[in-house]
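*Asks:* First the structure, then my questions, so here it is.
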Amino acid sequence: MRKAAILVAGGKGTRMGGSVSKQYLPIGGKPVLMHTLQAFAEAEPGILLVLVLPGGDFSFWKKLCEECQFSLPHELVAGGESRFQSVRNGLAKLPLATELVAIHDGVRPFVSKEVIQTSFWEAEKSGSAIPVVALKDSLRKVDVDGRSAFQDRSGFRLVQTPQTFQVGKIKEAFLVEELAQFTDDATVYEYQGWGVTLIEGNIENIKITTREDLEYAEFLLSRR
Ligand SMILES: Nc1ccn([C@@H]2O[C@H](COP(=O)(O)OP(=O)(O)OP(=O)(O)O)[C@@H](O)[C@H]2O)c(=O)n1
Ligand SMILES: C[C@](O)(CO)[C@H](O)COP(=O)(O)O
């Protein structure tokens, strides 16, 4: 199994609110996570899928899979207190033969096939692939006093996932102690002094975070 995807879904979804964590909420009649798992299975047939969930959710997830007759093979791993810890737990699960790994937010179900495939191609070539998209709005920097200043948005990008790497290097990068700056996997990788390669993301590849994202998700599905 040369390629793997670690889909991190070990969070609580506090910004979404509600009694059910956002990764399990239905869009198009089935949980968000099932859309994400399917996206990777269709983009990379035969890929090893590692799903990172809160440790206490395994039986709930298995019940959801039975109810939805969702039979796509995937490994379950217990997440940690942070995304960094959840990723690290997923990396520890990878078989020795795995060469490339895409690390992806489980709550980003609309990642395109092209972004997934390009991320593996680029990571094999240069060691890493980080999808980004340009900003569409004007940008200002705000300081603690509330003063703000124009920023040239052409010098900025919005970062998405999957963030894809050669397994040996990303495993080495994750041996460090967690730092607050590690908001994604690229920051952990760069902390080693290694550069990252940016690739074009896809604008629909939103991270489902707050309630209105669910409405947009239903709209995106209606367009398929
Ligand atoms: N301890 C954690 C925290 C987050 N994540 C995952 O990282 C992705 C991006 O995180 P975010 O959108 O912030 O999810 P939550 O942390 O669940 O949301 P919130 O910050 O609103 O609680 C999500 O798929 C989330 O499940 C994870 O695997 N383990
Ligand atoms: C990993 C990520 O989705 C890249 O944009 C983002 O950093 C996750 O941030 P969150 O606060 O954990 O949702």
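Letters A, B, ... mark the chains of the structure tokens in the order given; residue numbers begin at 1 per chain; ligand numbers begin at 1, in order shown.
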Could you give me the residues within 6 Å of ligand 1, counting only C-alpha atoms and all ligand atoms, as a PDB file with C-alpha atoms, in the first residue's frame?

*Replies:*
ATOM      1  CA  VAL A   8      -8.636  13.616  10.931  1.00  0.00           C
ATOM      2  CA  ALA A   9     -12.049  13.873  12.602  1.00  0.00           C
ATOM      3  CA  GLY A  10     -11.169  13.741  16.275  1.00  0.00           C
ATOM      4  CA  GLY A  11     -12.560  17.151  17.154  1.00  0.00           C
ATOM      5  CA  LYS A  12     -15.647  18.300  19.072  1.00  0.00           C
ATOM      6  CA  GLY A  13     -17.081  20.765  16.567  1.00  0.00           C
ATOM      7  CA  THR A  14     -17.668  23.453  19.218  1.00  0.00           C
ATOM      8  CA  ARG A  15     -18.108  26.258  16.662  1.00  0.00           C
ATOM      9  CA  MET A  16     -20.913  24.252  15.028  1.00  0.00           C
ATOM     10  CA  GLY A  79      -7.649  11.009  18.141  1.00  0.00           C
ATOM     11  CA  GLY A  80      -5.960  13.270  20.658  1.00  0.00           C
ATOM     12  CA  GLU A  81      -6.621  16.548  22.443  1.00  0.00           C
ATOM     13  CA  SER A  82      -5.469  18.553  19.405  1.00  0.00           C
ATOM     14  CA  ARG A  83      -5.359  18.151  15.640  1.00  0.00           C
ATOM     15  CA  SER A  86      -4.706  13.249  16.143  1.00  0.00           C
ATOM     16  CA  ASP A 105      -9.577  17.373   7.548  1.00  0.00           C
ATOM     17  CA  GLY A 106     -12.447  14.898   7.706  1.00  0.00           C
ATOM     18  CA  VAL A 107     -14.839  17.860   7.553  1.00  0.00           C
ATOM     19  CA  THR A 209     -17.114  24.680  10.658  1.00  0.00           C
TER      20      THR A 209
END

*Asks:* Need the shell around Val77 of chain A: protein/DNA/RNA residues with any atom at most 12 Å away, counting only C-alpha atoms. Skip same-chain ones fewer than 5 positions apart. Format as an MDAnalysis selection string?

*Replies:* chainID A and resid 6:10 49:58 61 85:94

*Asks:* Point out the residue among A:Asn202, A:Thr161, A:Ser21, A:Gln151 with the least atom-to-atom distance to His104 of chain A, counting only C-alpha atoms.

*Replies:*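 Closest residue, counting only C-alpha atoms: A:Thr161.
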
*Asks:* Taking only C-alpha atoms and all ligand atoms into account, which residues are within 6 Å of ligand 2, as a PDB file with C-alpha atoms, in the first residue's frame?

*Replies:*
ATOM      1  CA  VAL A 159      -4.537  27.041   3.062  1.00  0.00           C
ATOM      2  CA  GLN A 160      -6.575  23.873   2.595  1.00  0.00           C
ATOM      3  CA  THR A 161      -6.018  20.142   3.001  1.00  0.00           C
ATOM      4  CA  THR A 183      -2.186  24.820  13.122  1.00  0.00           C
ATOM      5  CA  ASP A 184      -1.655  22.481  10.181  1.00  0.00           C
TER       6      ASP A 184
END

*Asks:* Would you please give, as a PyMOL selection string, all residues of segment 13-174 of chain A that DSSP assigns to strand (DSSP E) based on the backbone?

*Replies:* chain A and resi 26-27+30-31+48-53+75-78+100-105+128-133+139-142+148-151+158-159+163-166

*Asks:* Could you write out that same residue set with N, CA and C atoms as a compact mmCIF listing (two decimals), in the first residue's frame?

*Replies:*
# COMPACT_ATOMS: atom_id res chain seq x y z
N PRO A 26 -25.53 14.95 8.80
CA PRO A 26 -25.84 14.55 7.43
C PRO A 26 -25.81 15.70 6.44
N ILE A 27 -25.21 15.43 5.30
CA ILE A 27 -25.38 16.29 4.12
C ILE A 27 -25.71 15.36 2.97
N LYS A 30 -26.30 11.64 4.14
CA LYS A 30 -25.35 10.76 4.87
C LYS A 30 -24.29 11.64 5.54
N PRO A 31 -23.65 11.08 6.59
CA PRO A 31 -22.70 11.88 7.37
C PRO A 31 -21.58 12.47 6.53
N LEU A 48 -5.14 3.27 1.29
CA LEU A 48 -5.43 2.93 2.68
C LEU A 48 -6.06 4.14 3.34
N LEU A 49 -7.25 3.94 3.91
CA LEU A 49 -7.96 5.05 4.57
C LEU A 49 -7.86 4.88 6.07
N VAL A 50 -7.30 5.86 6.74
CA VAL A 50 -7.18 5.87 8.21
C VAL A 50 -8.06 7.00 8.73
N LEU A 51 -9.09 6.64 9.47
CA LEU A 51 -10.03 7.64 10.00
C LEU A 51 -9.76 7.84 11.49
N VAL A 52 -9.46 9.09 11.86
CA VAL A 52 -9.15 9.41 13.26
C VAL A 52 -10.39 10.02 13.90
N LEU A 53 -10.93 9.34 14.91
CA LEU A 53 -12.15 9.79 15.60
C LEU A 53 -11.86 9.95 17.09
N GLU A 75 -9.54 2.08 8.43
CA GLU A 75 -9.02 1.79 9.77
C GLU A 75 -9.44 2.91 10.72
N LEU A 76 -9.77 2.56 11.94
CA LEU A 76 -10.11 3.57 12.95
C LEU A 76 -8.95 3.77 13.91
N VAL A 77 -8.68 5.05 14.22
CA VAL A 77 -7.64 5.39 15.19
C VAL A 77 -8.22 6.42 16.15
N ALA A 78 -7.88 6.32 17.42
CA ALA A 78 -8.36 7.29 18.40
C ALA A 78 -7.57 8.59 18.28
N LEU A 100 3.58 7.44 0.73
CA LEU A 100 3.01 8.80 0.65
C LEU A 100 1.74 8.86 1.49
N VAL A 101 1.54 9.98 2.17
CA VAL A 101 0.33 10.11 3.00
C VAL A 101 -0.29 11.49 2.81
N ALA A 102 -1.59 11.48 2.55
CA ALA A 102 -2.36 12.74 2.48
C ALA A 102 -3.04 12.91 3.84
N ILE A 103 -2.81 14.04 4.47
CA ILE A 103 -3.41 14.33 5.77
C ILE A 103 -4.52 15.35 5.53
N HIS A 104 -5.74 14.97 5.85
CA HIS A 104 -6.89 15.76 5.41
C HIS A 104 -7.92 15.93 6.53
N ASP A 105 -8.50 17.13 6.59
CA ASP A 105 -9.58 17.37 7.55
C ASP A 105 -10.79 16.54 7.14
N SER A 128 6.42 17.38 -0.67
CA SER A 128 5.22 17.89 0.00
C SER A 128 4.29 18.53 -1.01
N ALA A 129 3.03 18.67 -0.64
CA ALA A 129 2.04 19.36 -1.49
C ALA A 129 0.98 19.95 -0.57
N ILE A 130 0.88 21.29 -0.62
CA ILE A 130 -0.03 22.02 0.27
C ILE A 130 -1.00 22.81 -0.60
N PRO A 131 -2.29 22.48 -0.65
CA PRO A 131 -3.24 23.19 -1.51
C PRO A 131 -3.61 24.55 -0.94
N VAL A 132 -3.62 25.53 -1.82
CA VAL A 132 -3.97 26.89 -1.40
C VAL A 132 -4.88 27.51 -2.46
N VAL A 133 -5.66 28.51 -2.04
CA VAL A 133 -6.48 29.28 -2.97
C VAL A 133 -6.27 30.76 -2.68
N LEU A 139 -8.02 42.88 2.09
CA LEU A 139 -7.42 42.34 3.32
C LEU A 139 -6.85 43.48 4.16
N ARG A 140 -7.09 43.42 5.47
CA ARG A 140 -6.48 44.42 6.36
C ARG A 140 -5.85 43.70 7.56
N LYS A 141 -4.79 44.26 8.09
CA LYS A 141 -4.16 43.76 9.32
C LYS A 141 -4.68 44.63 10.46
N VAL A 142 -5.16 43.98 11.54
CA VAL A 142 -5.74 44.74 12.66
C VAL A 142 -4.85 44.54 13.88
N SER A 148 -6.08 49.54 11.88
CA SER A 148 -5.93 48.54 10.82
C SER A 148 -5.17 49.16 9.66
N ALA A 149 -4.63 48.28 8.84
CA ALA A 149 -3.87 48.75 7.68
C ALA A 149 -4.09 47.82 6.51
N PHE A 150 -4.14 48.42 5.33
CA PHE A 150 -4.28 47.64 4.08
C PHE A 150 -3.15 46.62 3.95
N GLN A 151 -3.50 45.44 3.44
CA GLN A 151 -2.47 44.45 3.11
C GLN A 151 -2.69 44.05 1.66
N LEU A 158 -5.07 31.27 1.11
CA LEU A 158 -5.82 30.50 2.12
C LEU A 158 -5.42 29.03 1.97
N VAL A 159 -5.08 28.41 3.10
CA VAL A 159 -4.54 27.04 3.06
C VAL A 159 -5.63 26.01 3.28
N GLN A 163 -2.89 17.83 2.98
CA GLN A 163 -1.48 18.18 2.97
C GLN A 163 -0.72 16.87 2.89
N THR A 164 -0.01 16.70 1.77
CA THR A 164 0.51 15.38 1.42
C THR A 164 2.03 15.36 1.46
N PHE A 165 2.57 14.25 1.99
CA PHE A 165 4.01 14.20 2.26
C PHE A 165 4.58 12.80 2.00
N GLN A 166 5.88 12.73 1.91
CA GLN A 166 6.57 11.45 1.95
C GLN A 166 6.58 11.00 3.43

*Asks:* From a DSSP calculation on the backbone, collect every residue of segment 150-215 of chain A in helix (DSSP H, G or I) and output the set as a PyMOL selection string.

*Replies:* chain A and resi 153-155+167-173+185-190+211-215

*Asks:* Between atom CA of Ile47 of chain A and atom CA of His74 of chain A, what is the distance, to one decimal in Å?

*Replies:*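 Result for atom CA of Ile47 of chain A versus atom CA of His74 of chain A: 9.5 Å, one decimal.
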
*Asks:* Could you check which of A:Ser112, A:Ser19, A:Ser71, A:Ser59 is closest to Glu200 of chain A, using only C-alpha atoms?

*Replies:* A:Ser112

*Asks:* I need the residue nearest Lys136 of chain A from this list: A:Lys3, A:Ile203, A:Gly195, A:Thr98. Use only C-alpha atoms for the distance.

*Replies:* A:Ile203

*Asks:* What does the structure give for the distance between atom CA of Asp213 of chain A and atom CA of Arg108 of chain A, in Å to one decimal?

*Replies:* 10.6 Å

*Asks:* Could you check which of A:Glu42, A:Glu99, A:Glu122, A:Asp143 is closest to Leu72 of chain A, using only C-alpha atoms?

*Replies:* A:Glu42

*Asks:* Atom CA of Tyr191 of chain A to atom CA of Val167 of chain A: how many Å, to one decimal?

*Replies:*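 Separation between atom CA of Tyr191 of chain A and atom CA of Val167 of chain A: 16.1 Å.
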